[in-house]
Amino acid sequence: MVKKNKNLSSSSKYKKNLVKAFWFFLFPSMILYLMFFLIPLVLNLFISLTNFDGWKQMDFVGLANYKKVLGDAEFYASLKRTVIYTAINLPFKIAIPLLLATLLTSKKVRFKTFSRTAIYIPVLLSPLVAGVTINWLFSQEYGLINFLLLKVGIAPLAWASSRWLATFVISTAGNWITAGFYMLIYIGAINNISESIYEAAEIDGANNLQRFFHIQVPLLAPTTFLVSLLSTINLLKEFALVEGITQGGPGSSTTFIVKYIFNNGFNQFKYGYGAAISTIVMILFGIIAYIQFRISKGGETG
Amino acid sequence: MKDKNKTTSYTLTLISIISALFILFPIIWLVFSSVKPSSELFGYPLTLIAEDITFDHYVKVINNGFLTYIFNSLFLAVVGTAITLSISAMAGYALATYRNDVKKTNLIFGIFLLGTLIPAETMVISQFTVISFLGLYNNIWGVILPVVTTTTGIFMYRQFYLTTPLAFIESARIDGASEFHIFRKIMLPLSKATTITLTLFSFMWRWNDYILPLVVLARQDKFTIQIAIRNYIGFTGVDWSSILAAAVISIIPITILFMFLQKHIVGSDISSGDKG
């Protein structure tokens, strides 16, 4: 009897010890996450209800900032631009990596490691440097692209001073630095598709195109969902890449939403107003992610 | 039939290599441009390889204090990565190993997942306010501490330790090893592959960090390499000759690290893939 009791108490002590160890291991991550993510999240809501200028002034103004944001034409214009930019780019963010991955998992292709490595290298670049690198190619006066256009008898284009040409250059840079990353995700998924499925299709006489569209694409649906979710979030928050190319210009025609928040906060010191935009943008991003989640679920079952 | 197979193989290989070189080309062009003298840089006709190769732009950039920026960036990347690796391994280990001993580990993990759904870029104003409040404005720690907790890192270690048999730990406990000793000496070495992948990712993220250093680091002697590059893009125009050299310098460290670790990242299926 006595012995049993002793065991019991040492077992609960043992259990306590494990719980203690758990919190010990989790503590550093938790404290940093709390300080620099969860508190700012709540603080953002608080700042958005004030006229904080980042310095001394901080009066409670209620929902005034939100009212102002909802009547701000520049806000709607930036948001619309961001959404259009995201919608145009999303198909390419999926199609290019998928095609590259299909090619670079084919048994018929050789030197795959070389090609995969080469395609992955731009992923290492910072968005800013990637923007600069692509912008150099499209530079109006001394860029390679305009030089080549001239060679074939086409007048050089003013890439930086037209809204759509500038958006094209930004999109090129954006796809350039993400293609290798999403390609690797697809390669991993394609390698997980069982060989026997392809063999069965071959016996049934399916050709390569049929195999691609009727077997590979449907089986990769979960991966495509992941890639499209990641791409959407990354496109919606595009910032540093644009800084390397147009800095939001010409005018404000490539000023996307994060840049707009940034300008309000750090160029005009309207912290409260910027924070209100942040809150609205977070909610919108959340809704977009949720819609994507629903659509992809429908796609999988249907 | 065999001949036809060979032709398809050649064609597909050719297409893949051309695509790869096409994607690599902007970097090649950047590197070759950076060693052109200004006369060739800003004048037609353009050639890939300079007639007079010069390192003048590099010298100019280095003389402008670039070594300081490189040092600051290295400090951010190395220290940041070291912290990320240790705290992510610990947190991922805790969430996986004690899942039967502690209630609500999934809820705690869920709170961490929130970090991936809400981009930090949208919270830059309130994050900056917290950093200033802590007195970390214009301090390199002000750009390290806010970003070292990454859900991706915690997730990677958690996934790894979920597949590691708990029996390993049980037997070590019976031998009387402390919980920290088990983690440090037995379990952490097992996750070498995860550590390598996260090292590359984290180093890359920190080396390339932009928005937070831009708002937090005010004085020039605190700048990271990215902020220095941004400063070559002036209001009136881009200082191309400097920015090209600076961009190349910024690519070198991360590429070297990638070359060391690349077989773990891109070549995971070389043995199965390249035989056919």
# chains A, B, ... in the order shown; residues from 1 in each chain; ligands from 1
call {"tool": "residues_around", "arguments": {"residues": "Leu284 (chain A)", "least_positions_apart": "6", "cutoff": "12 Å", "atoms": "only C-alpha atoms", "output": "PDB file with N, CA, C and O atoms, in the first residue's frame"}}
result
ATOM      1  N   LEU A  79      -5.823  49.252 -53.887  1.00  0.00           N
ATOM      2  CA  LEU A  79      -6.354  47.915 -53.649  1.00  0.00           C
ATOM      3  C   LEU A  79      -6.724  47.244 -54.969  1.00  0.00           C
ATOM      4  O   LEU A  79      -6.394  46.077 -55.219  1.00  0.00           O
ATOM      5  N   THR A  82      -3.684  46.170 -56.796  1.00  0.00           N
ATOM      6  CA  THR A  82      -3.088  44.986 -56.189  1.00  0.00           C
ATOM      7  C   THR A  82      -3.844  43.727 -56.594  1.00  0.00           C
ATOM      8  O   THR A  82      -3.240  42.699 -56.928  1.00  0.00           O
ATOM      9  N   VAL A  83      -5.178  43.827 -56.564  1.00  0.00           N
ATOM     10  CA  VAL A  83      -5.993  42.656 -56.894  1.00  0.00           C
ATOM     11  C   VAL A  83      -5.823  42.290 -58.371  1.00  0.00           C
ATOM     12  O   VAL A  83      -5.682  41.106 -58.719  1.00  0.00           O
ATOM     13  N   ILE A 233      -0.974  35.152 -51.422  1.00  0.00           N
ATOM     14  CA  ILE A 233      -0.527  35.972 -50.289  1.00  0.00           C
ATOM     15  C   ILE A 233       0.693  36.791 -50.700  1.00  0.00           C
ATOM     16  O   ILE A 233       0.782  37.993 -50.439  1.00  0.00           O
ATOM     17  N   LEU A 236      -0.257  39.638 -53.138  1.00  0.00           N
ATOM     18  CA  LEU A 236      -1.007  40.711 -52.497  1.00  0.00           C
ATOM     19  C   LEU A 236      -0.085  41.623 -51.685  1.00  0.00           C
ATOM     20  O   LEU A 236      -0.348  42.805 -51.528  1.00  0.00           O
ATOM     21  N   LYS A 237       1.005  41.044 -51.139  1.00  0.00           N
ATOM     22  CA  LYS A 237       1.881  41.866 -50.296  1.00  0.00           C
ATOM     23  C   LYS A 237       3.152  42.300 -51.022  1.00  0.00           C
ATOM     24  O   LYS A 237       4.122  42.679 -50.379  1.00  0.00           O
ATOM     25  N   ILE A 257      -0.793  47.782 -52.316  1.00  0.00           N
ATOM     26  CA  ILE A 257      -1.397  48.156 -51.034  1.00  0.00           C
ATOM     27  C   ILE A 257      -0.393  48.279 -49.882  1.00  0.00           C
ATOM     28  O   ILE A 257      -0.502  49.183 -49.059  1.00  0.00           O
ATOM     29  N   ILE A 277      -5.898  51.176 -42.368  1.00  0.00           N
ATOM     30  CA  ILE A 277      -5.804  50.473 -43.660  1.00  0.00           C
ATOM     31  C   ILE A 277      -5.313  49.045 -43.421  1.00  0.00           C
ATOM     32  O   ILE A 277      -5.848  48.096 -43.996  1.00  0.00           O
ATOM     33  N   SER A 278      -4.295  48.902 -42.545  1.00  0.00           N
ATOM     34  CA  SER A 278      -3.759  47.569 -42.240  1.00  0.00           C
ATOM     35  C   SER A 278      -4.853  46.620 -41.785  1.00  0.00           C
ATOM     36  O   SER A 278      -4.933  45.482 -42.262  1.00  0.00           O
ATOM     37  N   TYR A 290      -9.795  32.454 -47.489  1.00  0.00           N
ATOM     38  CA  TYR A 290     -10.926  31.582 -47.171  1.00  0.00           C
ATOM     39  C   TYR A 290     -11.664  31.157 -48.449  1.00  0.00           C
ATOM     40  O   TYR A 290     -11.983  29.985 -48.639  1.00  0.00           O
ATOM     41  N   ILE A 291     -11.874  32.126 -49.347  1.00  0.00           N
ATOM     42  CA  ILE A 291     -12.560  31.816 -50.609  1.00  0.00           C
ATOM     43  C   ILE A 291     -11.754  30.781 -51.391  1.00  0.00           C
ATOM     44  O   ILE A 291     -12.302  29.790 -51.898  1.00  0.00           O
TER      45      ILE A 291
ATOM     46  N   LEU B 117      -0.548  33.218 -41.832  1.00  0.00           N
ATOM     47  CA  LEU B 117      -1.735  33.692 -42.549  1.00  0.00           C
ATOM     48  C   LEU B 117      -1.770  35.219 -42.630  1.00  0.00           C
ATOM     49  O   LEU B 117      -2.279  35.779 -43.585  1.00  0.00           O
ATOM     50  N   ILE B 118      -1.258  35.877 -41.595  1.00  0.00           N
ATOM     51  CA  ILE B 118      -1.260  37.345 -41.602  1.00  0.00           C
ATOM     52  C   ILE B 118       0.152  37.817 -41.932  1.00  0.00           C
ATOM     53  O   ILE B 118       1.057  37.680 -41.118  1.00  0.00           O
ATOM     54  N   THR B 122       1.841  43.744 -43.414  1.00  0.00           N
ATOM     55  CA  THR B 122       0.664  44.574 -43.176  1.00  0.00           C
ATOM     56  C   THR B 122       0.678  45.169 -41.772  1.00  0.00           C
ATOM     57  O   THR B 122      -0.121  46.038 -41.471  1.00  0.00           O
TER      58      THR B 122
END
call {"tool": "residues_around", "arguments": {"residues": "region 242-250 of chain A", "least_positions_apart": "4", "cutoff": "10 Å", "atoms": "only C-alpha atoms", "output": "PyMOL selection string"}}
result
(chain A and resi 126-136+138-139+159-163+166-167+169-171+173-174+238+254-256+259-260) or (chain B and resi 229-230+233+235+238)
call {"tool": "write_last_selection", "arguments": {"atoms": "C-alpha atoms", "output": "short mmCIF file (atom, residue, chain, number, x, y, z; two decimals), in the first residue's frame"}}
result
data_model
loop_
_atom_site.label_atom_id
_atom_site.label_comp_id
_atom_site.auth_asym_id
_atom_site.auth_seq_id
_atom_site.Cartn_x
_atom_site.Cartn_y
_atom_site.Cartn_z
CA SER A 126 16.22 39.31 -52.56
CA PRO A 127 13.08 40.75 -54.18
CA LEU A 128 14.83 44.12 -54.30
CA VAL A 129 17.89 42.79 -56.11
CA ALA A 130 15.70 40.69 -58.41
CA GLY A 131 13.78 43.84 -59.30
CA VAL A 132 17.02 45.70 -59.99
CA THR A 133 18.37 42.82 -62.11
CA ILE A 134 15.28 42.60 -64.33
CA ASN A 135 14.96 46.38 -64.47
CA TRP A 136 18.52 46.58 -65.83
CA PHE A 138 14.50 46.58 -69.43
CA SER A 139 16.33 49.84 -68.86
CA TRP A 159 9.18 50.46 -70.06
CA ALA A 160 9.24 52.60 -66.95
CA SER A 161 6.84 55.31 -68.00
CA SER A 162 3.75 53.37 -68.93
CA ARG A 163 1.53 51.72 -66.36
CA ALA A 166 5.91 48.77 -65.89
CA THR A 167 3.46 46.19 -64.53
CA VAL A 169 8.34 44.25 -65.99
CA ILE A 170 7.33 43.82 -62.33
CA SER A 171 5.39 40.65 -63.20
CA ALA A 173 10.61 39.82 -62.13
CA GLY A 174 8.02 38.36 -59.77
CA GLU A 238 4.35 42.63 -53.10
CA THR A 254 2.28 50.56 -59.55
CA THR A 255 1.70 51.52 -55.91
CA PHE A 256 0.35 48.35 -54.37
CA LYS A 259 3.39 50.43 -50.31
CA TYR A 260 0.30 52.56 -49.68
CA ILE B 229 21.30 49.00 -52.52
CA ARG B 230 17.98 50.79 -52.14
CA ILE B 233 18.10 54.23 -56.42
CA PHE B 235 14.96 60.34 -56.60
CA VAL B 238 19.51 55.08 -60.58
#
call {"tool": "closest_residue", "arguments": {"among": "B:Lys185, B:Arg206, B:Arg173, B:Lys222", "to": "Thr149 (chain B)", "atoms": "only C-alpha atoms"}}
result
B:Arg206
call {"tool": "closest_residue", "arguments": {"among": "B:Ala167, B:Val61, B:Leu12, B:Ile27", "to": "Ala118 (chain A)", "atoms": "only C-alpha atoms"}}
result
B:Ile27
call {"tool": "closest_residue", "arguments": {"among": "A:Ala179, A:Leu43, A:Ile193, A:Asn234", "to": "Phe92 (chain A)", "atoms": "only C-alpha atoms"}}
result
A:Ala179
call {"tool": "residues_around", "arguments": {"residues": "Leu76 (chain B)", "least_positions_apart": "5", "cutoff": "8 Å", "atoms": "only C-alpha atoms", "output": "PyMOL selection string"}}
result
chain B and resi 140+143-144+206-207
call {"tool": "select_by_dssp", "arguments": {"residues": "region 41-221 of chain B", "states": "alpha helix (DSSP H)", "output": "ChimeraX atom specification"}}
result
/B:41,56-61,67-97,105-117,124-133,141-144,151-162,166-174,179-181,188-190,192-208,211-216
